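Take a look at the structure below.
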Amino acid sequence: MTDKEVLEQRLNLFQQDGWRELVDEYTKLAESLEKIYDIEDEKTLHMRRGQVSFLNMFINLEEATKLALEQLD
């Protein structure tokens, strides 16, 4: 399977209702984790940053895929 085919299959996935629901859920989770008022120590801060970073990467996967596909053309 070529890179282009993989990216095109991913674009098909993004059209599914389940994907939209998952992105909405992860967006709400990321927004709740971005609140820093309840962080008590540096370790928790770094863990929270990692969680938010991962969630944002997932949430932005559709846009990143579209950009990667454009770069292949």
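Residue names in the structure tokens use chain letters A, B, ... in the order shown, residue numbers from 1 in each chain, and ligand numbers from 1 in the order shown.
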Need to verify the contact set: range 68-73 of chain A, 8 Å, only C-alpha atoms, exclusion of same-chain residues closer than 5 positions in sequence. Can you return it as a PDB file with C-alpha atoms, in the first residue's frame?
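Wrote it out as part_33.pdb, contents follow:
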```pdb
ATOM      1  CA  LYS A   4      -1.149   8.084  -0.756  1.00  0.00           C
ATOM      2  CA  LEU A   7      -3.754   8.832   3.631  1.00  0.00           C
ATOM      3  CA  GLU A   8      -6.833   8.428   1.442  1.00  0.00           C
TER       4      GLU A   8
END
```
task: Pull the helix (DSSP H, G or I) assignments for chain A out of DSSP run on the backbone, and list those residues as a ChimeraX atom specification.
output: /A:3-14,17-33,42-59,61-72
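When only C-alpha atoms are used to compute distances to Thr27 in chain A, the closest of the residues A:Thr2, A:Asn56, A:Thr44, A:Gln15 turns out to be A:Asn56.
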Atomic separation - CA of Leu29 in chain A relative to CA of Leu55 in chain A, Å: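 So the answer is 8.1 Å.
When only C-alpha atoms are used to measure the gap to Arg49 in chain A, the shortest distance among A:Ala30, A:Leu67, A:Leu13, A:Leu61 belongs to A:Ala30.
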- request: Choose the residue, out of A:Met1, A:Leu22, A:Leu33, A:Leu11, that has the smallest atom-to-atom separation from Ser53 in chain A; count only C-alpha atoms.
  value: A:Leu33
message: I need the residue nearest Gln51 in chain A from this list: A:Thr65, A:Glu34, A:Val23, A:Asn12. Use only C-alpha atoms for the distance.
response: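 Under the stated criterion, the closest residue is A:Glu34.
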